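A.B. asks: To start, I am sharing the structure in question, which I have written as structure tokens.
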Amino acid sequence: MKEQLLNDPVFGMAAGQFDRVADFLNLDQSVRERCKWPKRILTFSLPVHMDDGRTEVFFGYRVQHHLSRGPVKGGLRFHPKVNVGEVAALAMWMNWKCSLMGLPYGGGKGGITCDPSKLSMTEQERLTRRFAQEITPFIGPEIDVMAPDVGTNAQHMAWILDTYSTHAGRFVPEIITGKPVELQGSEGRTEATGHGVAFLVTRALDKLGLPVQGATAIVQGYGNVGSYAVETMEAFGMKVRGVSDVSGAIWNVNGINSDKLRAHVAKTGGVAGFKEAEPIDPDEVLLRECDVLVPAALERVITEKNAPNLRCRILAEAANGPTTQPADAVIEERGDIFLIPDVLCNAGGVTVSYFEWVQNLQRFSWTKTEVLTKLETKLNEAFENLLAFCDRNQCGTRLGALATGVDAVARVKKTRGLFP
Ligand code: NAD
């Protein structure tokens, strides 16, 4: 299994990052091994009745990286390229993110290999419910709490909630986060990740002594995270000049109006064809000059090829794992780009998921202002702690953030000891 995981490029990248951090922290061999490998890797075959009468079998995965600090927490992804290595890598990153943010969780991630754009809503519902049914014995509010990720949204979470609650014979909102507000989802959860990205961008601009008003940004990916990052950066007075998604890329030097773009995407399904901007090559848009570049789509888009040519002051990693290790080395060597690493940059999502879980367990219901204020307080604290850590240890933000996360997990593993 170890070989299989290490041969996957995304897990290989996460493991490579971990090894660097473990060396930096001087972790002993026992703790290093226990922190690196996932506790549980679950694979499910998911037979589904398709609309045309056929039965199709999909494969779904859930990786629970470790449960030493609490239940695992992490999203569920629907994408054609989902495989066990990618899911295991994303689960590992969730660990370090949760501990960096001081949340009482281990990391988890799930995925189903499928192309949601080719499935009807009824097929997606049957697929989601079948996955929820198969995974029910392995999850629970104190074991594993899922949330949306690429290709899934509040509706998918509602189906999982309904399937799990039907089995339990009672309403169990604390089994899932990112669900609709009317099912006791949290106010502010939908926009939390993008809001957090935009908030941290303003903190990084402050740190560099650059004004937020009029600062320019380019965003890759216009799904949940990207669209709310665009909207919130605009609300903070920034100008988003370029946006891309699977349909193409668009550019407007005077700034793209986020309300109009959201309406266009709701109607057409993608950013391409937006009238108030010109089309541009999606690879080229990443290389245009801007204050802030926000990759908010998938992994490994900033590579050793494009990293030398980036023209941004801040790289805000809204996506998980957008920068390869060789690209990281290029950015570190350049020294002119301030990196907000993924484990901090997109932590707004899991932080508000944690708020949602706490509200559900206590039957509280907080307002959006309460939620977003608490989120900003937590992100600000993590940002300041990270800067102080990097200053003390003379290291970059990637290493600093991962080291903070890994160290907290390693200390818990050490204190709990090894059973038997
Ligand atoms: P989503 O499915 O809502 O949106 C994904 C977006 O990426 C879409 O606009 C899609 O068109 C675009 N995209 C896909 N391939 C692309 C490509 N090659 N070039 C340009 N755009 C491309 O997904 P999301 O929930 O917004 O997640 C985006 C990223 O943020 C992922 O890495 C995810 O793991 C991470 N993340 C999400 C959350 C969350 O709360 N949803 C939280 C933390 C991290």
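Going through the structure tokens in order, the chains are called A, B, and so on, while each chain numbers its residues from 1 and the ligands are numbered from 1 in the order shown.
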Under the rule of at most 6 Å, produce a per-residue listing of chain A near ligand 1: chain, number, name, the closest pair of atoms, and the distance in Å, as a Markdown table, using only C-alpha atoms and all ligand atoms.
C.D. replies:
```
| residue | atom | partner | partner_atom_place_in_ligand_line | distance |
| --- | --- | --- | --- | --- |
| A:Pro148 | CA | ligand 1 | 41 (N) | 5.4 |
| A:Asp149 | CA | ligand 1 | 25 (O) | 4.2 |
| A:Val150 | CA | ligand 1 | 2 (O) | 3.4 |
| A:Gly151 | CA | ligand 1 | 2 (O) | 3.9 |
| A:Thr193 | CA | ligand 1 | 40 (O) | 5.2 |
| A:Gln220 | CA | ligand 1 | 20 (C) | 5.2 |
| A:Gly221 | CA | ligand 1 | 7 (O) | 3.7 |
| A:Tyr222 | CA | ligand 1 | 9 (O) | 3.6 |
| A:Gly223 | CA | ligand 1 | 4 (O) | 3.2 |
| A:Asn224 | CA | ligand 1 | 26 (O) | 3.7 |
| A:Val225 | CA | ligand 1 | 26 (O) | 3.8 |
| A:Gly226 | CA | ligand 1 | 26 (O) | 5.7 |
| A:Ser244 | CA | ligand 1 | 20 (C) | 5.2 |
| A:Asp245 | CA | ligand 1 | 21 (N) | 3.2 |
| A:Val246 | CA | ligand 1 | 11 (O) | 4.0 |
| A:Ala296 | CA | ligand 1 | 29 (C) | 4.9 |
| A:Ala297 | CA | ligand 1 | 7 (O) | 3.7 |
| A:Leu298 | CA | ligand 1 | 32 (O) | 4.5 |
| A:Ala318 | CA | ligand 1 | 30 (O) | 5.6 |
| A:Ala319 | CA | ligand 1 | 32 (O) | 3.4 |
| A:Asn320 | CA | ligand 1 | 32 (O) | 4.2 |
| A:Asn346 | CA | ligand 1 | 43 (C) | 4.8 |
| A:Gly349 | CA | ligand 1 | 40 (O) | 4.4 |
```
A.B. asks: Mind the document's chain letters and residue numbers, and return as a PyMOL selection string the residues of range 13-231 of chain A that DSSP labels helix (DSSP H, G or I).
C.D. replies: chain A and resi 13-25+29-36+84-100+116-118+121-138+154-168+173-175+181-183+189-208+224-231
A.B. asks: Set out as a Markdown table a contact list for range 18-110 of chain A and range 166-183 of chain A with a cut-off of 10 Å, giving each residue of range 18-110 of chain A that qualifies its closest atom pair and distance in Å to one decimal, counting only C-alpha atoms, ordered by chain and rising residue number.
C.D. replies:
```
| residue | atom | partner | partner_atom | distance |
| --- | --- | --- | --- | --- |
| A:Lys73 | CA | A:Ile176 | CA | 9.4 |
| A:Gly74 | CA | A:Thr177 | CA | 9.4 |
| A:Gly75 | CA | A:Thr177 | CA | 9.1 |
```
A.B. asks: Deliver the residues from the most recent selection as a file, using N, CA, C and O atoms, as a compact mmCIF listing (two decimals), in the first residue's frame.
C.D. replies:
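Below you can see out-v2.txt, which holds the result:
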```txt
# COMPACT_ATOMS: atom_id res chain seq x y z
N LYS A 73 -12.33 15.13 9.71
CA LYS A 73 -13.15 16.15 9.07
C LYS A 73 -12.58 16.39 7.69
O LYS A 73 -11.36 16.51 7.52
N GLY A 74 -13.44 16.47 6.70
CA GLY A 74 -12.94 16.75 5.35
C GLY A 74 -14.01 16.53 4.31
O GLY A 74 -15.03 15.86 4.56
N GLY A 75 -13.77 17.08 3.14
CA GLY A 75 -14.80 17.14 2.09
C GLY A 75 -14.98 15.85 1.32
O GLY A 75 -14.24 14.87 1.49
```
A.B. asks: Under the rule that only C-alpha atoms are counted, which of A:Trp93, A:Ala217, A:Asp328, A:Gly273 is the nearest residue to Cys312 in chain A?
C.D. replies: A:Ala217
A.B. asks: I'd like to know which of A:Ile331, A:Val219, A:Val265, A:Ala347 is closest to Asp291 in chain A, using only C-alpha atoms.
C.D. replies: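 Checking each candidate against Asp291 in chain A, we get A:Val219 as the closest.
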A.B. asks: Applying 10 Å and only C-alpha atoms, which residues near Gln213 in chain A remain after dropping the ones on its own chain fewer than 2 positions away? List them as an MDAnalysis selection string.
C.D. replies: chainID A and resid 202 210:211 215:216 233:239
A.B. asks: Keeping only all heavy atoms, write the selected residues to a file as a CSV table (one decimal), in the first residue's frame.
C.D. replies:
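File again-v7.csv, as written:
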```csv
chain,number,residue,atom,x,y,z
A,202,THR,N,-6.1,40.3,2.5
A,202,THR,CA,-6.0,41.7,3.1
A,202,THR,C,-4.9,41.8,4.1
A,202,THR,O,-4.2,42.7,4.2
A,202,THR,CB,-7.3,42.2,3.6
A,202,THR,OG1,-7.7,41.5,4.8
A,202,THR,CG2,-8.5,42.2,2.6
A,210,LEU,N,1.0,47.1,1.2
A,210,LEU,CA,0.3,47.5,0.0
A,210,LEU,C,-1.2,47.8,0.4
A,210,LEU,O,-1.8,47.1,1.2
A,210,LEU,CB,0.3,46.3,-1.0
A,210,LEU,CG,1.7,45.9,-1.5
A,210,LEU,CD1,1.6,44.6,-2.3
A,210,LEU,CD2,2.2,47.0,-2.4
A,211,PRO,N,-1.8,48.9,-0.3
A,211,PRO,CA,-3.1,49.2,0.1
A,211,PRO,C,-4.1,48.1,-0.5
A,211,PRO,O,-3.9,47.6,-1.6
A,211,PRO,CB,-3.4,50.5,-0.7
A,211,PRO,CG,-2.3,50.6,-1.7
A,211,PRO,CD,-1.2,49.8,-1.3
A,215,ALA,N,-6.1,47.1,-5.0
A,215,ALA,CA,-5.2,46.0,-5.2
A,215,ALA,C,-5.8,45.1,-6.3
A,215,ALA,O,-7.0,44.9,-6.3
A,215,ALA,CB,-4.9,45.2,-3.9
A,216,THR,N,-5.0,44.5,-7.2
A,216,THR,CA,-5.5,43.7,-8.3
A,216,THR,C,-5.3,42.2,-8.0
A,216,THR,O,-4.4,41.8,-7.4
A,216,THR,CB,-4.8,44.1,-9.6
A,216,THR,OG1,-3.4,43.9,-9.4
A,216,THR,CG2,-5.1,45.5,-9.9
A,233,MET,N,-13.3,39.8,-2.3
A,233,MET,CA,-12.2,40.8,-2.6
A,233,MET,C,-12.8,42.0,-3.2
A,233,MET,O,-12.3,43.1,-2.8
A,233,MET,CB,-11.2,40.1,-3.5
A,233,MET,CG,-10.3,39.1,-2.8
A,233,MET,SD,-8.9,38.5,-3.8
A,233,MET,CE,-9.7,37.5,-5.0
A,234,GLU,N,-13.8,41.9,-4.0
A,234,GLU,CA,-14.4,43.1,-4.6
A,234,GLU,C,-15.1,43.9,-3.5
A,234,GLU,O,-14.9,45.2,-3.4
A,234,GLU,CB,-15.5,42.7,-5.6
A,234,GLU,CG,-16.1,43.9,-6.4
A,234,GLU,CD,-17.3,43.4,-7.2
A,234,GLU,OE1,-18.3,42.9,-6.6
A,234,GLU,OE2,-17.3,43.7,-8.4
A,235,ALA,N,-15.7,43.3,-2.6
A,235,ALA,CA,-16.4,44.0,-1.5
A,235,ALA,C,-15.3,44.7,-0.6
A,235,ALA,O,-15.6,45.8,0.0
A,235,ALA,CB,-17.2,43.0,-0.6
A,236,PHE,N,-14.1,44.2,-0.5
A,236,PHE,CA,-13.1,44.8,0.3
A,236,PHE,C,-12.4,45.9,-0.5
A,236,PHE,O,-11.4,46.5,0.0
A,236,PHE,CB,-12.0,43.8,0.7
A,236,PHE,CG,-12.5,42.8,1.8
A,236,PHE,CD1,-11.8,41.6,1.9
A,236,PHE,CD2,-13.5,43.1,2.6
A,236,PHE,CE1,-12.2,40.7,2.9
A,236,PHE,CE2,-13.9,42.2,3.6
A,236,PHE,CZ,-13.3,41.0,3.8
A,237,GLY,N,-12.8,46.2,-1.7
A,237,GLY,CA,-12.3,47.3,-2.5
A,237,GLY,C,-11.2,46.9,-3.5
A,237,GLY,O,-10.6,47.8,-4.1
A,238,MET,N,-11.0,45.6,-3.7
A,238,MET,CA,-10.0,45.1,-4.7
A,238,MET,C,-10.6,45.0,-6.1
A,238,MET,O,-11.8,45.0,-6.3
A,238,MET,CB,-9.4,43.8,-4.3
A,238,MET,CG,-8.7,43.9,-3.0
A,238,MET,SD,-8.1,42.2,-2.4
A,238,MET,CE,-7.1,41.7,-3.7
A,239,LYS,N,-9.7,44.9,-7.1
A,239,LYS,CA,-10.1,44.8,-8.5
A,239,LYS,C,-9.8,43.4,-9.0
A,239,LYS,O,-8.6,43.1,-9.1
A,239,LYS,CB,-9.3,45.8,-9.3
A,239,LYS,CG,-10.2,46.8,-10.0
A,239,LYS,CD,-9.3,47.7,-10.8
A,239,LYS,CE,-9.6,49.1,-10.6
A,239,LYS,NZ,-8.8,50.1,-11.3
```
A.B. asks: Using only C-alpha atoms, which of the listed residues (A:Arg189, A:Lys378, A:Arg62, A:Arg40) sits closest to Met101 in chain A?
C.D. replies: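 Selected residue with least distance to Met101 in chain A: A:Lys378.
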A.B. asks: Please list as an NGL selection string every residue within 10 Å of Lys414 in chain A, counting only C-alpha atoms and excluding residues in the same chain fewer than 6 positions away.
C.D. replies: :A and (28 or 30-31 or 34)
A.B. asks: I need the chosen residues saved as a CSV table (one decimal), in the first residue's frame, with N, CA and C atoms.
C.D. replies:
```csv
chain,number,residue,atom,x,y,z
A,28,ASP,N,11.0,11.8,15.9
A,28,ASP,CA,11.6,10.5,16.0
A,28,ASP,C,10.9,9.5,15.1
A,30,SER,N,9.3,6.7,15.3
A,30,SER,CA,8.0,6.1,15.6
A,30,SER,C,6.9,7.1,15.3
A,31,VAL,N,7.0,8.3,15.8
A,31,VAL,CA,6.0,9.3,15.5
A,31,VAL,C,5.9,9.7,14.1
A,34,ARG,N,3.9,7.1,12.3
A,34,ARG,CA,2.4,7.1,12.7
A,34,ARG,C,1.7,8.3,12.1
```
A.B. asks: Restricting the calculation to only C-alpha atoms: of A:Leu100, A:Val72, A:Ala408, A:Ala263, which residue gets closest to Pro141 in chain A?
C.D. replies: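 Distance minimum relative to Pro141 in chain A lands on A:Val72.
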A.B. asks: Do you know which residues are at most 8 Å from Gly248 in chain A counting only C-alpha atoms, after dropping those on the same chain fewer than 3 positions away, and could you put them as number ranges by chain?
C.D. replies: A: 244-245, 270-272, 279-282
A.B. asks: Quick one: which range 94-143 of chain A residues come within 12 Å of range 351-370 of chain A, and what is the nearest atom pair for each with the distance in Å to one decimal, counting only C-alpha atoms, rows ordered by chain and ascending number, as a Markdown table?
C.D. replies:
```
| residue | atom | partner | partner_atom | distance |
| --- | --- | --- | --- | --- |
| A:Met94 | CA | A:Thr351 | CA | 11.4 |
| A:Lys97 | CA | A:Thr351 | CA | 9.6 |
| A:Cys98 | CA | A:Thr351 | CA | 8.1 |
| A:Ser99 | CA | A:Thr351 | CA | 10.9 |
| A:Leu100 | CA | A:Thr351 | CA | 10.8 |
| A:Met101 | CA | A:Thr351 | CA | 7.5 |
| A:Gly102 | CA | A:Thr351 | CA | 9.3 |
| A:Leu103 | CA | A:Tyr354 | CA | 7.3 |
| A:Pro104 | CA | A:Tyr354 | CA | 8.6 |
| A:Tyr105 | CA | A:Tyr354 | CA | 8.9 |
| A:Gly106 | CA | A:Tyr354 | CA | 11.9 |
| A:Gly140 | CA | A:Trp357 | CA | 11.7 |
| A:Pro141 | CA | A:Trp357 | CA | 8.3 |
| A:Glu142 | CA | A:Trp357 | CA | 10.3 |
```
A.B. asks: Output the selection as a short mmCIF file (atom, residue, chain, number, x, y, z; two decimals), in the first residue's frame - all heavy atoms for each residue.
C.D. replies:
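Result file follows (selection_3.cif):
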```
data_model
loop_
_atom_site.label_atom_id
_atom_site.label_comp_id
_atom_site.auth_asym_id
_atom_site.auth_seq_id
_atom_site.Cartn_x
_atom_site.Cartn_y
_atom_site.Cartn_z
N MET A 94 -5.61 17.81 5.30
CA MET A 94 -6.68 18.23 6.23
C MET A 94 -6.23 18.13 7.69
O MET A 94 -6.61 18.93 8.53
CB MET A 94 -7.95 17.39 6.03
CG MET A 94 -8.80 17.79 4.86
SD MET A 94 -9.35 19.51 4.90
CE MET A 94 -10.41 19.54 6.33
N LYS A 97 -4.09 21.08 8.52
CA LYS A 97 -4.94 22.28 8.53
C LYS A 97 -5.74 22.37 9.83
O LYS A 97 -5.79 23.41 10.48
CB LYS A 97 -5.90 22.19 7.33
CG LYS A 97 -6.68 23.43 7.05
CD LYS A 97 -7.66 23.24 5.90
CE LYS A 97 -6.98 22.77 4.64
NZ LYS A 97 -7.93 22.58 3.53
N CYS A 98 -6.36 21.24 10.21
CA CYS A 98 -7.18 21.26 11.43
C CYS A 98 -6.33 21.56 12.65
O CYS A 98 -6.74 22.33 13.53
CB CYS A 98 -7.92 19.93 11.62
SG CYS A 98 -9.20 19.66 10.39
N SER A 99 -5.13 20.97 12.72
CA SER A 99 -4.34 21.23 13.93
C SER A 99 -3.74 22.62 13.89
O SER A 99 -3.65 23.28 14.92
CB SER A 99 -3.29 20.13 14.16
OG SER A 99 -2.34 20.14 13.16
N LEU A 100 -3.37 23.12 12.69
CA LEU A 100 -2.89 24.50 12.58
C LEU A 100 -3.95 25.48 13.10
O LEU A 100 -3.63 26.46 13.75
CB LEU A 100 -2.58 24.80 11.10
CG LEU A 100 -2.25 26.25 10.73
CD1 LEU A 100 -0.87 26.63 11.26
CD2 LEU A 100 -2.29 26.46 9.21
N MET A 101 -5.21 25.19 12.79
CA MET A 101 -6.30 26.08 13.20
C MET A 101 -6.78 25.79 14.62
O MET A 101 -7.72 26.44 15.11
CB MET A 101 -7.49 25.94 12.23
CG MET A 101 -7.22 26.44 10.82
SD MET A 101 -6.67 28.16 10.76
CE MET A 101 -8.08 29.03 11.38
N GLY A 102 -6.21 24.80 15.27
CA GLY A 102 -6.61 24.46 16.64
C GLY A 102 -8.00 23.84 16.70
O GLY A 102 -8.70 23.98 17.71
N LEU A 103 -8.41 23.14 15.64
CA LEU A 103 -9.73 22.50 15.64
C LEU A 103 -9.58 21.06 16.14
O LEU A 103 -8.59 20.39 15.79
CB LEU A 103 -10.33 22.50 14.23
CG LEU A 103 -10.37 23.87 13.53
CD1 LEU A 103 -10.93 23.73 12.11
CD2 LEU A 103 -11.21 24.86 14.33
N PRO A 104 -10.53 20.56 16.90
CA PRO A 104 -10.36 19.24 17.52
C PRO A 104 -10.68 18.08 16.57
O PRO A 104 -11.55 17.25 16.82
CB PRO A 104 -11.39 19.28 18.66
CG PRO A 104 -12.47 20.17 18.14
CD PRO A 104 -11.82 21.19 17.25
N TYR A 105 -9.99 18.05 15.45
CA TYR A 105 -10.27 17.07 14.40
C TYR A 105 -8.99 16.46 13.86
O TYR A 105 -7.94 17.11 13.86
CB TYR A 105 -10.93 17.75 13.19
CG TYR A 105 -12.31 18.32 13.37
CD1 TYR A 105 -12.60 19.59 12.89
CD2 TYR A 105 -13.34 17.58 13.95
CE1 TYR A 105 -13.87 20.13 12.99
CE2 TYR A 105 -14.61 18.10 14.06
CZ TYR A 105 -14.88 19.38 13.59
OH TYR A 105 -16.12 19.90 13.69
N GLY A 106 -9.12 15.24 13.31
CA GLY A 106 -8.12 14.70 12.41
C GLY A 106 -8.56 15.03 10.99
O GLY A 106 -9.63 15.61 10.78
N GLY A 140 -19.78 9.00 11.70
CA GLY A 140 -20.62 9.39 12.83
C GLY A 140 -20.14 10.74 13.30
O GLY A 140 -19.00 11.13 13.02
N PRO A 141 -20.98 11.47 14.04
CA PRO A 141 -20.58 12.81 14.50
C PRO A 141 -19.32 12.81 15.35
O PRO A 141 -18.65 13.83 15.43
CB PRO A 141 -21.79 13.27 15.34
CG PRO A 141 -22.93 12.43 14.86
CD PRO A 141 -22.35 11.13 14.40
N GLU A 142 -18.96 11.68 15.97
CA GLU A 142 -17.73 11.60 16.75
C GLU A 142 -16.65 10.80 16.03
O GLU A 142 -15.61 10.50 16.61
CB GLU A 142 -17.99 10.96 18.13
CG GLU A 142 -19.02 11.67 18.98
CD GLU A 142 -18.59 13.09 19.38
OE1 GLU A 142 -17.38 13.38 19.35
OE2 GLU A 142 -19.48 13.91 19.72
#
```
A.B. asks: Per DSSP on the backbone, what are the strand (DSSP E or B) residues of range 296-365 of chain A, as a ChimeraX atom specification?
C.D. replies: /A:302,312-316,323,338-340
A.B. asks: Atoms to include: all heavy atoms. Write the selected residues as an mmCIF file, in the first residue's frame.
C.D. replies:
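Okay, this is what ended up in selection10.cif:
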```cif
data_model
loop_
_atom_site.group_PDB
_atom_site.id
_atom_site.type_symbol
_atom_site.label_atom_id
_atom_site.label_comp_id
_atom_site.auth_asym_id
_atom_site.auth_seq_id
_atom_site.Cartn_x
_atom_site.Cartn_y
_atom_site.Cartn_z
ATOM 1 N N ILE A 302 0.506 25.324 -10.301
ATOM 2 C CA ILE A 302 1.711 26.154 -10.293
ATOM 3 C C ILE A 302 2.881 25.172 -10.288
ATOM 4 O O ILE A 302 3.083 24.430 -9.318
ATOM 5 C CB ILE A 302 1.779 27.079 -9.047
ATOM 6 C CG1 ILE A 302 0.474 27.884 -8.891
ATOM 7 C CG2 ILE A 302 3.004 27.986 -9.116
ATOM 8 C CD1 ILE A 302 0.188 28.873 -9.974
ATOM 9 N N CYS A 312 3.041 38.044 -9.615
ATOM 10 C CA CYS A 312 2.175 38.459 -8.506
ATOM 11 C C CYS A 312 3.046 38.763 -7.295
ATOM 12 O O CYS A 312 4.170 38.273 -7.198
ATOM 13 C CB CYS A 312 1.175 37.346 -8.172
ATOM 14 S SG CYS A 312 1.976 35.790 -7.738
ATOM 15 N N ARG A 313 2.505 39.539 -6.358
ATOM 16 C CA ARG A 313 3.221 39.792 -5.104
ATOM 17 C C ARG A 313 2.821 38.781 -4.031
ATOM 18 O O ARG A 313 3.568 38.498 -3.119
ATOM 19 C CB ARG A 313 2.910 41.213 -4.589
ATOM 20 C CG ARG A 313 3.323 42.340 -5.503
ATOM 21 C CD ARG A 313 4.842 42.439 -5.598
ATOM 22 N NE ARG A 313 5.521 42.431 -4.306
ATOM 23 C CZ ARG A 313 5.687 43.490 -3.513
ATOM 24 N NH1 ARG A 313 5.240 44.667 -3.901
ATOM 25 N NH2 ARG A 313 6.302 43.392 -2.360
ATOM 26 N N ILE A 314 1.552 38.314 -4.172
ATOM 27 C CA ILE A 314 1.022 37.360 -3.182
ATOM 28 C C ILE A 314 0.440 36.164 -3.933
ATOM 29 O O ILE A 314 -0.290 36.345 -4.913
ATOM 30 C CB ILE A 314 -0.091 38.036 -2.341
ATOM 31 C CG1 ILE A 314 0.507 39.171 -1.498
ATOM 32 C CG2 ILE A 314 -0.826 37.026 -1.462
ATOM 33 C CD1 ILE A 314 -0.527 40.068 -0.849
ATOM 34 N N LEU A 315 0.770 34.957 -3.474
ATOM 35 C CA LEU A 315 0.147 33.752 -4.019
ATOM 36 C C LEU A 315 -0.749 33.192 -2.918
ATOM 37 O O LEU A 315 -0.257 32.716 -1.892
ATOM 38 C CB LEU A 315 1.221 32.732 -4.431
ATOM 39 C CG LEU A 315 0.713 31.402 -4.993
ATOM 40 C CD1 LEU A 315 -0.101 31.597 -6.265
ATOM 41 C CD2 LEU A 315 1.885 30.456 -5.277
ATOM 42 N N ALA A 316 -2.052 33.310 -3.132
ATOM 43 C CA ALA A 316 -3.017 32.884 -2.109
ATOM 44 C C ALA A 316 -3.605 31.546 -2.541
ATOM 45 O O ALA A 316 -4.455 31.485 -3.434
ATOM 46 C CB ALA A 316 -4.115 33.941 -1.953
ATOM 47 N N THR A 323 0.430 24.072 -5.668
ATOM 48 C CA THR A 323 1.822 24.336 -6.044
ATOM 49 C C THR A 323 2.664 23.082 -5.852
ATOM 50 O O THR A 323 2.699 22.521 -4.748
ATOM 51 C CB THR A 323 2.388 25.482 -5.155
ATOM 52 O OG1 THR A 323 1.471 26.579 -5.218
ATOM 53 C CG2 THR A 323 3.746 25.934 -5.628
ATOM 54 N N PHE A 338 4.921 36.583 -1.634
ATOM 55 C CA PHE A 338 4.475 36.176 -0.295
ATOM 56 C C PHE A 338 3.445 35.060 -0.469
ATOM 57 O O PHE A 338 2.414 35.248 -1.123
ATOM 58 C CB PHE A 338 3.855 37.370 0.441
ATOM 59 C CG PHE A 338 3.422 37.033 1.841
ATOM 60 C CD1 PHE A 338 4.304 37.172 2.908
ATOM 61 C CD2 PHE A 338 2.132 36.558 2.102
ATOM 62 C CE1 PHE A 338 3.910 36.847 4.201
ATOM 63 C CE2 PHE A 338 1.735 36.227 3.396
ATOM 64 C CZ PHE A 338 2.633 36.381 4.449
ATOM 65 N N LEU A 339 3.730 33.896 0.114
ATOM 66 C CA LEU A 339 2.856 32.732 -0.053
ATOM 67 C C LEU A 339 1.905 32.594 1.138
ATOM 68 O O LEU A 339 2.361 32.547 2.282
ATOM 69 C CB LEU A 339 3.725 31.468 -0.166
ATOM 70 C CG LEU A 339 2.974 30.142 -0.199
ATOM 71 C CD1 LEU A 339 2.313 29.921 -1.547
ATOM 72 C CD2 LEU A 339 3.916 28.984 0.106
ATOM 73 N N ILE A 340 0.605 32.550 0.840
ATOM 74 C CA ILE A 340 -0.349 32.144 1.896
ATOM 75 C C ILE A 340 -0.635 30.673 1.610
ATOM 76 O O ILE A 340 -1.348 30.339 0.649
ATOM 77 C CB ILE A 340 -1.657 32.957 1.855
ATOM 78 C CG1 ILE A 340 -1.374 34.454 1.735
ATOM 79 C CG2 ILE A 340 -2.505 32.661 3.096
ATOM 80 C CD1 ILE A 340 -2.644 35.306 1.602
#
```
A.B. asks: What's the 10 Å shell around Leu200 in chain A, counting only C-alpha atoms, without same-chain residues fewer than 5 positions away, as a list of chain:residue names?
C.D. replies: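 Near Leu200 in chain A, the qualifying residues are A:Gly194, A:His195, A:Leu205, A:Asp206, A:Ala316, A:Ile340, A:Leu344, A:Cys345, A:Asn346, A:Gly348, A:Glu376, A:Leu379, A:Asn380, A:Phe383.
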A.B. asks: As an exercise, work out the distance from CA of Asn95 in chain A to CA of Leu418 in chain A in Å and give it to one decimal place.
C.D. replies: 18.9 Å
A.B. asks: Please determine, counting only C-alpha atoms, which residue among A:Arg392, A:Arg398, A:Arg311, A:Arg32 has the shortest atom-to-atom distance to Ala329 in chain A.
C.D. replies: A:Arg398
A.B. asks: May I ask which of the residues A:Met50, A:Leu372, A:Val63, A:Ala147 is the closest one to Ser120 in chain A, counting only C-alpha atoms?
C.D. replies: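 Using only C-alpha atoms, Ser120 in chain A sits closest to A:Met50.
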